[in-house]
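The next block is data_23.cif, given as mmCIF, C-alpha atoms.
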data_start
loop_
_atom_site.label_atom_id
_atom_site.label_comp_id
_atom_site.auth_asym_id
_atom_site.auth_seq_id
_atom_site.Cartn_x
_atom_site.Cartn_y
_atom_site.Cartn_z
CA MET A 1459 -186.08 -91.06 59.38
CA THR A 1460 -184.22 -93.49 57.24
CA ASP A 1461 -182.49 -90.98 55.00
CA SER A 1462 -180.36 -89.46 57.76
CA PRO A 1463 -178.03 -91.04 60.27
CA ILE A 1464 -179.15 -88.33 62.73
CA ASP A 1465 -182.60 -88.04 64.29
CA HIS A 1466 -183.21 -84.36 63.65
CA GLU A 1467 -185.81 -84.04 66.35
CA ILE A 1468 -183.32 -85.09 69.03
CA PHE A 1469 -180.64 -82.83 67.62
CA MET A 1470 -183.01 -79.83 67.49
CA GLU A 1471 -184.01 -80.47 71.08
CA LEU A 1472 -180.37 -80.42 72.10
CA LYS A 1473 -179.88 -77.13 70.26
CA ASP A 1474 -182.99 -75.61 71.83
CA ALA A 1475 -182.07 -76.73 75.31
CA THR A 1476 -178.45 -75.66 75.31
CA GLY A 1477 -178.16 -72.96 72.64
CA GLU A 1478 -176.92 -73.16 69.06
CA ASP A 1479 -173.33 -72.15 69.78
CA PHE A 1480 -173.04 -74.57 72.62
CA ALA A 1481 -174.50 -77.43 70.57
CA ALA A 1482 -171.92 -76.73 67.84
CA GLU A 1483 -169.14 -76.71 70.41
CA LEU A 1484 -170.44 -79.98 71.83
CA VAL A 1485 -170.48 -81.61 68.37
CA ASN A 1486 -166.90 -80.48 67.79
CA THR A 1487 -165.86 -81.91 71.14
CA PHE A 1488 -167.47 -85.21 70.19
CA LEU A 1489 -165.76 -85.22 66.78
CA ASP A 1490 -162.44 -84.63 68.54
CA GLU A 1491 -163.01 -87.32 71.15
CA ALA A 1492 -164.73 -90.03 69.11
CA PRO A 1493 -161.69 -91.31 67.13
CA GLY A 1494 -159.96 -91.87 70.49
CA MET A 1495 -162.93 -93.92 71.68
CA ILE A 1496 -162.77 -96.09 68.55
CA ASP A 1497 -159.03 -96.55 69.12
CA GLU A 1498 -159.76 -97.55 72.70
CA LEU A 1499 -162.35 -100.08 71.49
CA LYS A 1500 -159.86 -101.58 69.05
CA ALA A 1501 -157.09 -101.68 71.64
CA ALA A 1502 -159.43 -103.44 74.07
CA ALA A 1503 -160.35 -105.98 71.38
CA VAL A 1504 -156.66 -106.65 70.69
CA ALA A 1505 -155.93 -106.99 74.41
CA ALA A 1506 -159.11 -109.08 74.89
CA ASP A 1507 -160.00 -106.81 77.84
CA ALA A 1508 -163.76 -107.28 78.25
CA ASP A 1509 -164.24 -104.42 80.73
CA ARG A 1510 -162.38 -101.90 78.62
CA TYR A 1511 -164.19 -103.10 75.50
CA ARG A 1512 -167.59 -102.71 77.10
CA ARG A 1513 -166.74 -99.31 78.60
CA ALA A 1514 -165.51 -97.90 75.26
CA ALA A 1515 -168.68 -99.05 73.51
CA HIS A 1516 -170.77 -97.65 76.36
CA SER A 1517 -169.14 -94.24 76.01
CA ILE A 1518 -169.78 -94.07 72.25
CA LYS A 1519 -173.38 -95.19 72.77
CA SER A 1520 -173.95 -92.53 75.41
CA ASN A 1521 -172.70 -89.72 73.17
CA ALA A 1522 -174.43 -91.04 70.07
CA ASN A 1523 -177.74 -90.93 71.97
CA THR A 1524 -177.08 -87.34 72.96
CA PHE A 1525 -176.82 -86.24 69.32
CA GLY A 1526 -179.53 -88.54 68.00
CA ALA A 1527 -177.06 -90.66 66.03
CA ILE A 1528 -179.41 -93.63 65.95
CA ALA A 1529 -177.47 -96.21 63.91
CA LEU A 1530 -174.22 -95.45 65.73
CA ALA A 1531 -175.91 -95.72 69.12
CA GLU A 1532 -177.63 -98.97 68.22
CA ARG A 1533 -174.45 -100.71 67.07
CA ALA A 1534 -172.51 -99.39 70.06
CA ARG A 1535 -175.22 -100.73 72.34
CA LYS A 1536 -175.04 -104.17 70.70
CA ILE A 1537 -171.28 -104.21 71.22
CA GLU A 1538 -171.68 -103.10 74.84
CA LEU A 1539 -174.14 -105.89 75.59
CA GLY A 1540 -172.49 -108.54 73.40
CA GLU A 1541 -169.66 -110.92 74.02
CA LEU A 1542 -166.06 -109.89 73.74
CA PRO A 1543 -164.93 -111.03 70.26
CA GLU A 1544 -161.93 -113.27 69.86
CA ALA A 1545 -158.67 -111.46 70.53
CA GLY A 1546 -157.80 -109.23 67.61
CA ASP A 1547 -161.19 -109.56 65.89
CA LEU A 1548 -161.95 -106.00 64.83
CA THR A 1549 -165.08 -106.67 62.73
CA ASP A 1550 -167.44 -104.88 65.13
CA ALA A 1551 -165.03 -102.07 65.86
CA THR A 1552 -164.50 -101.39 62.17
CA ALA A 1553 -168.25 -101.42 61.49
CA LEU A 1554 -168.73 -98.96 64.31
CA GLU A 1555 -166.01 -96.76 62.88
CA THR A 1556 -167.90 -96.65 59.58
CA ASP A 1557 -171.11 -95.68 61.39
CA LEU A 1558 -169.18 -92.97 63.18
CA THR A 1559 -167.79 -91.57 59.93
CA ILE A 1560 -171.30 -91.33 58.48
CA ALA A 1561 -172.74 -89.77 61.65
CA ALA A 1562 -169.82 -87.34 61.92
CA ALA A 1563 -170.36 -86.07 58.36
CA ALA A 1564 -174.06 -85.54 59.04
CA LEU A 1565 -173.36 -83.75 62.34
CA ARG A 1566 -170.82 -81.48 60.67
CA SER A 1567 -173.35 -80.45 58.06
CA LEU A 1568 -175.92 -79.78 60.80
CA ILE A 1569 -173.70 -77.31 62.64
CA ASP A 1570 -172.48 -75.59 59.50
CA VAL A 1571 -175.91 -74.28 58.54
CA MET B 1443 -187.83 -72.01 89.47
CA SER B 1444 -187.32 -69.94 92.62
CA ASP B 1445 -184.54 -72.18 93.92
CA ALA B 1446 -181.54 -70.91 95.73
CA PRO B 1447 -178.58 -71.83 93.52
CA GLY B 1448 -176.55 -74.85 94.55
CA HIS B 1449 -173.05 -76.03 93.84
CA LEU B 1450 -173.10 -79.35 91.98
CA LEU B 1451 -170.31 -81.77 91.28
CA ILE B 1452 -170.60 -83.61 87.98
CA VAL B 1453 -168.70 -86.87 87.79
CA ASP B 1454 -168.35 -88.39 84.33
CA ASP B 1455 -165.42 -89.85 82.41
CA ASN B 1456 -166.82 -88.69 79.08
CA LYS B 1457 -165.98 -85.14 78.03
CA VAL B 1458 -169.13 -84.59 75.95
CA ASN B 1459 -171.27 -85.68 78.90
CA ARG B 1460 -169.38 -83.42 81.32
CA LEU B 1461 -169.80 -80.40 79.05
CA LEU B 1462 -173.47 -81.09 78.41
CA LEU B 1463 -174.35 -81.67 82.06
CA SER B 1464 -172.40 -78.59 83.17
CA ARG B 1465 -174.24 -76.53 80.61
CA SER B 1466 -177.63 -77.90 81.66
CA VAL B 1467 -176.90 -77.29 85.34
CA GLU B 1468 -175.69 -73.75 84.67
CA LEU B 1469 -178.77 -73.00 82.57
CA LEU B 1470 -180.82 -74.03 85.61
CA GLY B 1471 -179.01 -71.32 87.55
CA HIS B 1472 -176.64 -73.52 89.54
CA GLN B 1473 -172.89 -73.70 89.76
CA ALA B 1474 -171.13 -76.74 88.31
CA SER B 1475 -167.75 -78.35 88.93
CA VAL B 1476 -166.54 -81.46 87.14
CA ALA B 1477 -164.50 -84.56 87.93
CA GLU B 1478 -163.47 -87.13 85.32
CA ASN B 1479 -163.69 -90.18 87.54
CA GLY B 1480 -164.71 -91.36 91.02
CA ARG B 1481 -161.28 -91.01 92.56
CA VAL B 1482 -160.97 -87.37 91.51
CA ALA B 1483 -164.53 -86.76 92.75
CA MET B 1484 -163.78 -88.18 96.21
CA GLU B 1485 -160.72 -85.93 96.44
CA MET B 1486 -162.78 -82.87 95.54
CA LEU B 1487 -165.51 -83.83 98.02
CA SER B 1488 -163.00 -84.02 100.83
CA ASN B 1489 -161.63 -80.57 99.99
CA GLN B 1490 -164.78 -78.49 99.58
CA PRO B 1491 -168.49 -78.73 100.24
CA PHE B 1492 -170.96 -79.54 97.46
CA ASP B 1493 -174.75 -79.51 97.58
CA LEU B 1494 -175.43 -82.31 95.13
CA LEU B 1495 -173.64 -84.93 93.07
CA LEU B 1496 -174.49 -85.95 89.50
CA LEU B 1497 -172.81 -89.29 89.15
CA ASP B 1498 -172.03 -91.50 86.17
CA ILE B 1499 -171.65 -95.23 86.75
CA GLU B 1500 -169.27 -96.56 84.08
CA MET B 1501 -165.92 -94.95 84.85
CA PRO B 1502 -162.31 -96.09 84.96
CA GLU B 1503 -160.31 -96.06 88.25
CA MET B 1504 -163.32 -95.74 90.54
CA ASP B 1505 -166.80 -96.33 89.20
CA GLY B 1506 -170.12 -94.88 90.35
CA PHE B 1507 -171.00 -97.85 92.56
CA GLN B 1508 -167.74 -97.46 94.44
CA VAL B 1509 -168.35 -93.73 94.84
CA LEU B 1510 -171.83 -94.39 96.27
CA GLU B 1511 -170.37 -96.88 98.74
CA ALA B 1512 -167.62 -94.48 99.81
CA ILE B 1513 -170.09 -91.62 100.29
CA LYS B 1514 -172.55 -93.61 102.33
CA SER B 1515 -169.87 -94.89 104.69
CA ASP B 1516 -168.53 -91.38 105.34
CA THR B 1517 -170.47 -89.57 108.08
CA ASP B 1518 -169.49 -86.18 106.68
CA LEU B 1519 -170.69 -86.99 103.17
CA ARG B 1520 -173.58 -89.32 103.57
CA ASP B 1521 -176.21 -86.60 103.62
CA LEU B 1522 -175.06 -85.41 100.21
CA PRO B 1523 -177.80 -86.20 97.68
CA VAL B 1524 -176.59 -88.19 94.69
CA ILE B 1525 -178.42 -88.36 91.39
CA VAL B 1526 -177.11 -91.08 89.12
CA THR B 1527 -177.03 -90.03 85.46
CA SER B 1528 -176.09 -92.96 83.36
CA SER B 1529 -176.91 -95.05 80.37
CA VAL B 1530 -176.00 -98.32 82.05
CA GLU B 1531 -178.02 -101.20 80.74
CA GLY B 1532 -180.20 -103.30 82.97
CA LEU B 1533 -182.73 -102.56 85.66
CA ASP B 1534 -180.62 -104.42 88.21
CA ASN B 1535 -177.96 -101.70 87.91
CA VAL B 1536 -180.54 -98.99 88.57
CA VAL B 1537 -181.83 -100.92 91.58
CA ARG B 1538 -178.28 -101.30 92.84
CA CYS B 1539 -177.76 -97.51 92.69
CA ILE B 1540 -180.89 -96.86 94.70
CA GLU B 1541 -179.95 -99.55 97.20
CA LEU B 1542 -176.55 -97.94 97.60
CA GLY B 1543 -178.27 -94.72 98.60
CA ALA B 1544 -178.67 -92.76 95.37
CA GLU B 1545 -181.50 -90.28 95.56
CA ASP B 1546 -182.58 -90.77 92.00
CA TYR B 1547 -181.67 -92.24 88.64
CA LEU B 1548 -181.83 -90.30 85.38
CA PRO B 1549 -181.13 -92.14 82.14
CA LYS B 1550 -178.88 -90.48 79.57
CA PRO B 1551 -179.38 -88.48 77.50
CA VAL B 1552 -180.75 -86.55 80.42
CA ASN B 1553 -184.06 -84.82 79.86
CA LYS B 1554 -183.73 -81.13 80.68
CA THR B 1555 -187.07 -80.75 82.47
CA LEU B 1556 -186.58 -83.92 84.49
CA LEU B 1557 -183.06 -82.82 85.45
CA GLY B 1558 -184.39 -79.47 86.67
CA ALA B 1559 -187.03 -81.12 88.82
CA ARG B 1560 -184.70 -83.72 90.33
CA VAL B 1561 -181.95 -81.22 91.04
CA SER B 1562 -184.45 -78.92 92.78
CA SER B 1563 -185.78 -81.70 94.93
CA GLY B 1564 -182.25 -82.95 95.71
CA LEU B 1565 -181.12 -79.47 96.75
CA GLU B 1566 -184.25 -79.06 98.86
CA LYS B 1567 -183.47 -82.34 100.62
CA LYS B 1568 -179.93 -81.18 101.25
CA ARG B 1569 -181.20 -77.91 102.76
CA LEU B 1570 -183.62 -79.78 105.03
CA ARG B 1571 -180.90 -82.17 106.15
CA ASP B 1572 -178.52 -79.30 106.88
CA GLU B 1573 -181.23 -77.52 108.82
CA GLN B 1574 -182.01 -80.72 110.73
CA LYS B 1575 -178.35 -81.11 111.58
CA ARG B 1576 -178.18 -77.55 112.91
CA LEU B 1577 -181.32 -78.05 115.02
CA LEU B 1578 -180.04 -81.35 116.31
CA GLU B 1579 -176.80 -79.73 117.39
CA ARG B 1580 -178.68 -76.95 119.14
CA PHE B 1581 -181.13 -79.13 121.04
CA ALA B 1582 -179.12 -82.27 121.61
CA THR B 1583 -175.59 -82.74 122.84
CA THR B 1584 -172.87 -83.34 120.28
CA GLU B 1585 -172.62 -86.97 121.42
CA VAL B 1586 -176.34 -87.60 121.01
CA ALA B 1587 -176.35 -85.81 117.67
CA GLN B 1588 -173.44 -87.97 116.56
CA ASP B 1589 -175.11 -91.13 117.84
CA LEU B 1590 -178.27 -90.18 115.94
CA GLN B 1591 -176.37 -89.53 112.75
CA GLU B 1592 -174.41 -92.74 113.00
CA SER B 1593 -177.10 -95.17 114.05
CA GLY B 1594 -180.20 -93.32 113.00
CA PHE B 1595 -183.22 -92.64 115.14
CA ALA B 1596 -185.09 -95.53 116.68
CA ILE B 1597 -187.28 -95.54 119.73
CA GLY B 1598 -185.88 -98.14 122.06
CA GLY B 1599 -183.13 -98.61 124.56
CA LYS B 1600 -180.11 -100.69 125.33
CA ARG B 1601 -178.58 -101.77 128.60
CA ALA B 1602 -175.31 -100.21 129.58
CA ASN B 1603 -173.25 -99.45 132.63
CA ALA B 1604 -173.23 -95.79 133.41
CA SER B 1605 -172.89 -93.24 136.17
CA VAL B 1606 -175.78 -90.87 136.65
CA LEU B 1607 -175.35 -87.45 138.22
CA PHE B 1608 -178.05 -85.15 139.54
CA CYS B 1609 -177.31 -81.57 140.49
CA ASP B 1610 -179.67 -79.01 141.92
CA ILE B 1611 -179.54 -75.45 143.22
CA ARG B 1612 -180.61 -75.46 146.85
CA GLY B 1613 -183.43 -73.15 147.83
CA PHE B 1614 -183.76 -71.81 144.32
CA THR B 1615 -187.47 -71.12 144.67
CA THR B 1616 -186.89 -68.82 147.65
CA LEU B 1617 -183.96 -67.21 145.85
CA SER B 1618 -185.91 -66.53 142.68
CA GLU B 1619 -188.87 -65.03 144.54
CA ASN B 1620 -186.69 -61.98 145.24
CA LEU B 1621 -185.49 -61.69 141.64
CA ALA B 1622 -186.98 -60.11 138.55
CA PRO B 1623 -187.89 -62.75 135.93
CA GLU B 1624 -185.04 -61.54 133.68
CA GLU B 1625 -182.57 -61.90 136.52
CA THR B 1626 -183.81 -65.42 137.27
CA ILE B 1627 -183.32 -66.52 133.68
CA ASP B 1628 -179.95 -64.79 133.64
CA LEU B 1629 -178.87 -66.64 136.76
CA LEU B 1630 -180.08 -69.96 135.36
CA ASN B 1631 -178.20 -69.34 132.12
CA THR B 1632 -174.98 -68.72 134.04
CA PHE B 1633 -175.60 -71.80 136.17
CA TYR B 1634 -176.28 -74.03 133.15
CA THR B 1635 -173.28 -72.72 131.23
CA LEU B 1636 -171.00 -73.64 134.12
CA MET B 1637 -172.62 -77.01 134.77
CA PHE B 1638 -172.63 -78.03 131.09
CA GLU B 1639 -168.94 -77.20 130.97
CA ALA B 1640 -168.23 -79.35 134.05
CA VAL B 1641 -170.15 -82.26 132.54
CA SER B 1642 -168.86 -82.15 128.98
CA SER B 1643 -165.22 -81.51 129.95
CA ASN B 1644 -165.41 -84.83 131.81
CA GLY B 1645 -166.93 -86.77 128.92
CA GLY B 1646 -170.52 -86.73 130.13
CA ILE B 1647 -173.71 -85.44 128.56
CA VAL B 1648 -176.53 -83.44 130.08
CA SER B 1649 -179.64 -85.42 129.26
CA LEU B 1650 -182.21 -83.37 131.15
CA MET B 1651 -182.56 -79.83 132.40
CA LEU B 1652 -185.02 -79.67 135.26
CA GLY B 1653 -185.85 -76.11 136.20
CA ASP B 1654 -182.96 -75.39 138.54
CA GLY B 1655 -181.22 -78.70 138.22
CA LEU B 1656 -179.95 -81.21 135.72
CA MET B 1657 -179.30 -84.85 135.08
CA ALA B 1658 -176.05 -85.88 133.46
CA LEU B 1659 -174.97 -89.26 132.08
CA PHE B 1660 -171.47 -90.69 131.98
CA GLY B 1661 -170.80 -93.78 129.86
CA VAL B 1662 -173.78 -93.49 127.48
CA PRO B 1663 -174.18 -93.06 124.56
CA GLN B 1664 -170.37 -93.07 124.25
CA PRO B 1665 -168.49 -95.42 126.62
CA LEU B 1666 -165.93 -94.03 129.08
CA PRO B 1667 -163.00 -95.89 130.69
CA ASN B 1668 -164.21 -95.13 134.24
CA THR B 1669 -167.68 -93.63 134.42
CA ALA B 1670 -167.62 -93.16 138.23
CA GLN B 1671 -164.29 -91.33 138.15
CA SER B 1672 -165.57 -89.00 135.41
CA ALA B 1673 -168.86 -88.30 137.19
CA VAL B 1674 -167.13 -87.54 140.50
CA ALA B 1675 -164.61 -85.29 138.74
CA ALA B 1676 -167.54 -83.43 137.16
CA GLY B 1677 -169.23 -83.12 140.59
CA HIS B 1678 -166.10 -81.56 142.09
CA GLU B 1679 -165.72 -79.24 139.13
CA MET B 1680 -169.34 -78.13 139.56
CA HIS B 1681 -168.64 -77.13 143.15
CA ASN B 1682 -165.44 -75.32 142.18
CA MET B 1683 -167.27 -73.39 139.50
CA ILE B 1684 -170.09 -72.42 141.87
CA GLU B 1685 -167.47 -71.19 144.36
CA MET B 1686 -165.98 -68.97 141.67
CA LEU B 1687 -169.42 -67.71 140.75
CA ASN B 1688 -170.08 -66.95 144.43
CA LEU B 1689 -166.90 -64.85 144.68
CA GLU B 1690 -168.28 -62.74 141.89
CA ARG B 1691 -171.72 -62.60 143.43
CA ARG B 1692 -170.33 -61.51 146.80
CA SER B 1693 -168.58 -58.57 145.16
CA GLU B 1694 -172.01 -57.56 143.89
CA ALA B 1695 -173.47 -58.09 147.38
CA LYS B 1696 -175.52 -61.07 146.22
CA SER B 1697 -176.20 -64.19 148.25
CA ASP B 1698 -174.25 -67.42 147.74
CA LEU B 1699 -175.55 -70.13 145.46
CA LYS B 1700 -175.46 -73.63 146.91
CA ILE B 1701 -175.71 -76.88 144.98
CA GLY B 1702 -176.04 -80.54 145.88
CA VAL B 1703 -174.74 -83.41 143.75
CA GLY B 1704 -175.83 -87.04 143.87
CA ILE B 1705 -174.08 -89.79 141.88
CA ALA B 1706 -174.98 -93.46 141.42
CA THR B 1707 -173.44 -96.09 139.18
CA GLY B 1708 -174.87 -99.27 137.72
CA GLU B 1709 -176.87 -100.74 134.89
CA VAL B 1710 -179.21 -98.36 133.11
CA VAL B 1711 -181.44 -98.57 130.08
CA ALA B 1712 -180.51 -95.73 127.75
CA GLY B 1713 -182.07 -94.76 124.47
CA TYR B 1714 -184.66 -92.64 122.74
CA ALA B 1715 -187.96 -92.51 124.53
CA GLY B 1716 -191.09 -90.76 123.41
CA THR B 1717 -192.92 -90.96 120.11
CA ASP B 1718 -191.63 -90.86 116.59
CA ASN B 1719 -192.47 -87.16 116.54
CA ARG B 1720 -191.13 -86.05 119.87
CA ALA B 1721 -188.48 -88.02 121.66
CA THR B 1722 -185.55 -87.46 123.93
CA TYR B 1723 -182.37 -89.33 124.68
CA THR B 1724 -182.83 -90.53 128.21
CA CYS B 1725 -181.82 -93.06 130.73
CA ILE B 1726 -183.98 -95.02 133.15
CA GLY B 1727 -183.52 -97.62 135.85
CA SER B 1728 -183.03 -97.79 139.59
CA THR B 1729 -179.55 -96.26 139.20
CA VAL B 1730 -181.22 -93.06 137.95
CA ASN B 1731 -183.72 -93.04 140.83
CA LEU B 1732 -180.95 -93.62 143.35
CA ALA B 1733 -178.86 -90.73 141.96
CA ALA B 1734 -181.87 -88.41 142.21
CA ARG B 1735 -182.54 -89.53 145.80
CA LEU B 1736 -178.89 -89.08 146.74
CA GLU B 1737 -179.00 -85.53 145.45
CA ALA B 1738 -182.10 -84.88 147.62
CA GLU B 1739 -180.31 -86.54 150.54
CA THR B 1740 -177.47 -83.98 150.38
CA GLN B 1741 -179.93 -81.46 151.84
CA LYS B 1742 -180.40 -83.64 154.93
CA THR B 1743 -176.77 -84.58 155.47
CA GLY B 1744 -175.46 -81.17 154.41
CA SER B 1745 -172.99 -82.89 152.04
CA ARG B 1746 -171.56 -81.43 148.85
CA ILE B 1747 -171.55 -84.73 146.96
CA LEU B 1748 -173.15 -88.04 147.89
CA ILE B 1749 -172.22 -91.23 146.04
CA ASP B 1750 -173.41 -94.82 146.23
CA GLN B 1751 -171.24 -97.87 146.99
CA GLU B 1752 -170.82 -98.88 143.33
CA THR B 1753 -169.48 -95.46 142.44
CA PHE B 1754 -167.18 -95.56 145.48
CA ASP B 1755 -165.84 -99.01 144.50
CA LEU B 1756 -164.70 -97.70 141.13
CA LEU B 1757 -162.90 -94.63 142.46
CA GLU B 1758 -159.14 -94.52 142.75
CA GLY B 1759 -158.05 -92.75 145.92
CA ALA B 1760 -161.20 -90.83 146.75
CA ASN B 1761 -161.23 -88.56 149.76
CA VAL B 1762 -164.35 -89.70 151.64
CA LEU B 1763 -165.45 -87.18 154.27
CA GLU B 1764 -168.09 -89.33 155.86
CA THR B 1765 -169.82 -92.67 155.28
CA PHE B 1766 -173.46 -93.09 156.18
CA GLY B 1767 -173.94 -96.84 156.69
CA ARG B 1768 -177.24 -98.56 156.10
CA THR B 1769 -179.16 -95.44 155.17
CA MET B 1770 -182.78 -95.88 154.16
CA ILE B 1771 -183.52 -94.13 150.87
CA LYS B 1772 -187.01 -93.21 149.85
CA GLY B 1773 -188.35 -95.55 147.19
CA PHE B 1774 -185.94 -98.39 148.00
CA SER B 1775 -186.70 -101.19 150.47
CA ASP B 1776 -183.09 -102.08 151.31
CA PRO B 1777 -180.71 -99.68 153.06
CA PHE B 1778 -177.59 -98.31 151.29
CA ASP B 1779 -174.09 -97.43 152.38
CA ILE B 1780 -173.53 -93.96 151.00
CA HIS B 1781 -170.45 -91.76 151.01
CA ALA B 1782 -170.00 -88.01 151.23
CA LEU B 1783 -167.16 -86.46 149.23
#
Here is the file; what I need is its structure written in the form of structure tokens.
Amino acid sequence: MTDSPIDHEIFMELKDATGEDFAAELVNTFLDEAPGMIDELKAAAVAADADRYRRAAHSIKSNANTFGAIALAERARKIELGELPEAGDLTDATALETDLTIAAAALRSLIDV
Amino acid sequence: MSDAPGHLLIVDDNKVNRLLLSRSVELLGHQASVAENGRVAMEMLSNQPFDLLLLDIEMPEMDGFQVLEAIKSDTDLRDLPVIVTSSVEGLDNVVRCIELGAEDYLPKPVNKTLLGARVSSGLEKKRLRDEQKRLLERFATTEVAQDLQESGFAIGGKRANASVLFCDIRGFTTLSENLAPEETIDLLNTFYTLMFEAVSSNGGIVSLMLGDGLMALFGVPQPLPNTAQSAVAAGHEMHNMIEMLNLERRSEAKSDLKIGVGIATGEVVAGYAGTDNRATYTCIGSTVNLAARLEAETQKTGSRILIDQETFDLLEGANVLETFGRTMIKGFSDPFDIHAL
């Protein structure tokens, strides 16, 4: 599905497996936590801390996969496996933040229905 | 699934993952607790028992690899099944988890059906291991059980210096002919309870029960500072306990029980002998034969305890009642100096 940042099949599976209310609660938890993870990624980039950088990306990837946020997961995975950028280079982190904003909007609309 | 519910500990630094895994585990009918990193998990594991661990790898403070290492080096925890749930990249990381003792590896996002199956099989393994541990404790001594748990089971022996003690009830066959079967078993149970106590309170283990007698080892599998001293102390304690039992028996107008004790010290080969399916911790070598012969010899000399020269040499201030020089012992070509205590 190219028209949605979320793979609906994965998201429906999550809802079926855990219950609609729980899935909504889980999305809200992710939306609360995710900005902190982006901040952590940026802070790690500024500090040039490779371990922290990789771990932050890994965490976002893991959650993105849970909700079927394909584009977000894919970029997070690339960051996790890639080299640490030069200190203070936030290009990747900012791109990931954009992906997150798009995915978050789509997830919100999915739990509102 | 008809599983008995288990108590699982979920270790993950990510809140969404913790919530989701808890929910999945609870929907499977199990109880879930959570820890946000390896250090917190280790603390929780030392405070209360869990049946299974769902472990993430990438975590701050103490990661999953470190948790696996800590668990496998802890004798109390190493039977705890661990299922790694992670989205770490690279097959080498998965292999490393398995090598470090993880039961299984489930990639995230965790498939619900797969999780159910792996948790069931992990809990089943835990139950079997717990059951095994209980059986082991019932049928083997604590020391042997500990040795088995620490070094694992392997048929084969090692050489060690030990003291071997044989003890036997004299004339038990005649005695038991006048007893009802229940009374015979009852008497044997009393006898064994007292003898086991005498052996274990002196650091030895009972390796064989032989009808109305037993064989005890001092110095294997766990070393002792002075094996001869411990064995002789156990021998004396056995006699004291039998005297107390006889006082009781006399008040019930029953005949006295008499025992003989033989002790020999030297090199033995100790280990697990048998087959992979049925084995026993035992000890062989001429020291064992000599101890058995010395016990038989007590009948002839009328001694309470007979010891060989090597045992005597290790004793500090023993009260020797009589020394039988150059005694021929059945099964040995050279004579022995033996001592009655």
Checklist entry - Hey, what comes out of the PyMOL selection byres ((chain A) within 8 of (chain B)) on this file? Could you write it as a ChimeraX atom specification? => result /A:1475-1476,1484,1487-1488,1491,1513,1516-1517,1520-1521,1523-1524,1539
Residue IDs satisfying the PyMOL selection byres ((chain A and resi 1494-1507) around 8), as a PDB file with C-alpha atoms, in the coordinates of the input:
ATOM      1  CA  ASP A1490    -162.440 -84.630  68.540  1.00  0.00           C
ATOM      2  CA  GLU A1491    -163.010 -87.320  71.150  1.00  0.00           C
ATOM      3  CA  ALA A1492    -164.730 -90.030  69.110  1.00  0.00           C
ATOM      4  CA  PRO A1493    -161.690 -91.310  67.130  1.00  0.00           C
ATOM      5  CA  ALA A1508    -163.760-107.280  78.250  1.00  0.00           C
ATOM      6  CA  ASP A1509    -164.240-104.420  80.730  1.00  0.00           C
ATOM      7  CA  ARG A1510    -162.380-101.900  78.620  1.00  0.00           C
ATOM      8  CA  TYR A1511    -164.190-103.100  75.500  1.00  0.00           C
ATOM      9  CA  ALA A1514    -165.510 -97.900  75.260  1.00  0.00           C
ATOM     10  CA  ALA A1515    -168.680 -99.050  73.510  1.00  0.00           C
ATOM     11  CA  SER A1517    -169.140 -94.240  76.010  1.00  0.00           C
ATOM     12  CA  ILE A1518    -169.780 -94.070  72.250  1.00  0.00           C
ATOM     13  CA  LEU A1542    -166.060-109.890  73.740  1.00  0.00           C
ATOM     14  CA  PRO A1543    -164.930-111.030  70.260  1.00  0.00           C
ATOM     15  CA  GLU A1544    -161.930-113.270  69.860  1.00  0.00           C
ATOM     16  CA  ALA A1545    -158.670-111.460  70.530  1.00  0.00           C
ATOM     17  CA  GLY A1546    -157.800-109.230  67.610  1.00  0.00           C
ATOM     18  CA  ASP A1547    -161.190-109.560  65.890  1.00  0.00           C
ATOM     19  CA  LEU A1548    -161.950-106.000  64.830  1.00  0.00           C
ATOM     20  CA  ALA A1551    -165.030-102.070  65.860  1.00  0.00           C
ATOM     21  CA  LEU A1554    -168.730 -98.960  64.310  1.00  0.00           C
ATOM     22  CA  GLU A1555    -166.010 -96.760  62.880  1.00  0.00           C
TER      23      GLU A1555
END
Let me know the centre plus edge lengths, in Å and rounded to one decimal, of a box with edges along x, y and z that contains all listed atoms of range 1620-1636 of chain B and is padded by 8 Å on every side, as JSON.
{"center_x": -179.4, "center_y": -67.1, "center_z": 138.2, "size_x": 32.9, "size_y": 29.9, "size_z": 30.0}
Item to check | Reference answer for the PyMOL selection byres ((chain A and resi 1527) around 10), as a ChimeraX atom specification | outcome: /A:1462-1466,1468-1469,1519,1521-1526,1528-1532,1557-1558,1560-1562,1564-1565
Checklist entry - Which distance in Å separates CA of Leu1689 in chain B and CA of Ala1760 in chain B, to one decimal? => result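 Rounded to one decimal, the two atoms are 26.7 Å apart.
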Item to check | Atomic separation - CA of Val1662 in chain B relative to CA of Ile1627 in chain B, Å | outcome: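 According to the coordinates, CA of Ile1627 in chain B and CA of Val1662 in chain B are separated by 29.3 Å.
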Item to check | Straight-line distance linking CA of Arg1612 in chain B with CA of Glu1752 in chain B, stated in Å to one decimal | outcome: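 So the answer is 25.6 Å.
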Next on the checklist: Using all atoms listed in the file, which protein or nucleic acid residues come within 6 Å of range 1637-1641 of chain B? Drop anything in the same chain fewer than 2 positions from it, and give the result as number ranges by chain.
Outcome noted: B: 1634-1635, 1643-1644, 1646, 1676, 1679-1680
Item to check | range 1514-1521 of chain B surroundings by all atoms listed in the file, 9 Å radius, close-in-sequence under 5 positions cut, as a PyMOL selection string | outcome: chain B and resi 1487-1488+1509+1542-1543+1567-1568+1571-1572+1591-1592
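Comparing B:Val1710, B:Gly1613, B:Leu1783, B:Tyr1547 by their smallest distance to His1681 in chain B, the closest is B:Leu1783 (using all atoms listed in the file).
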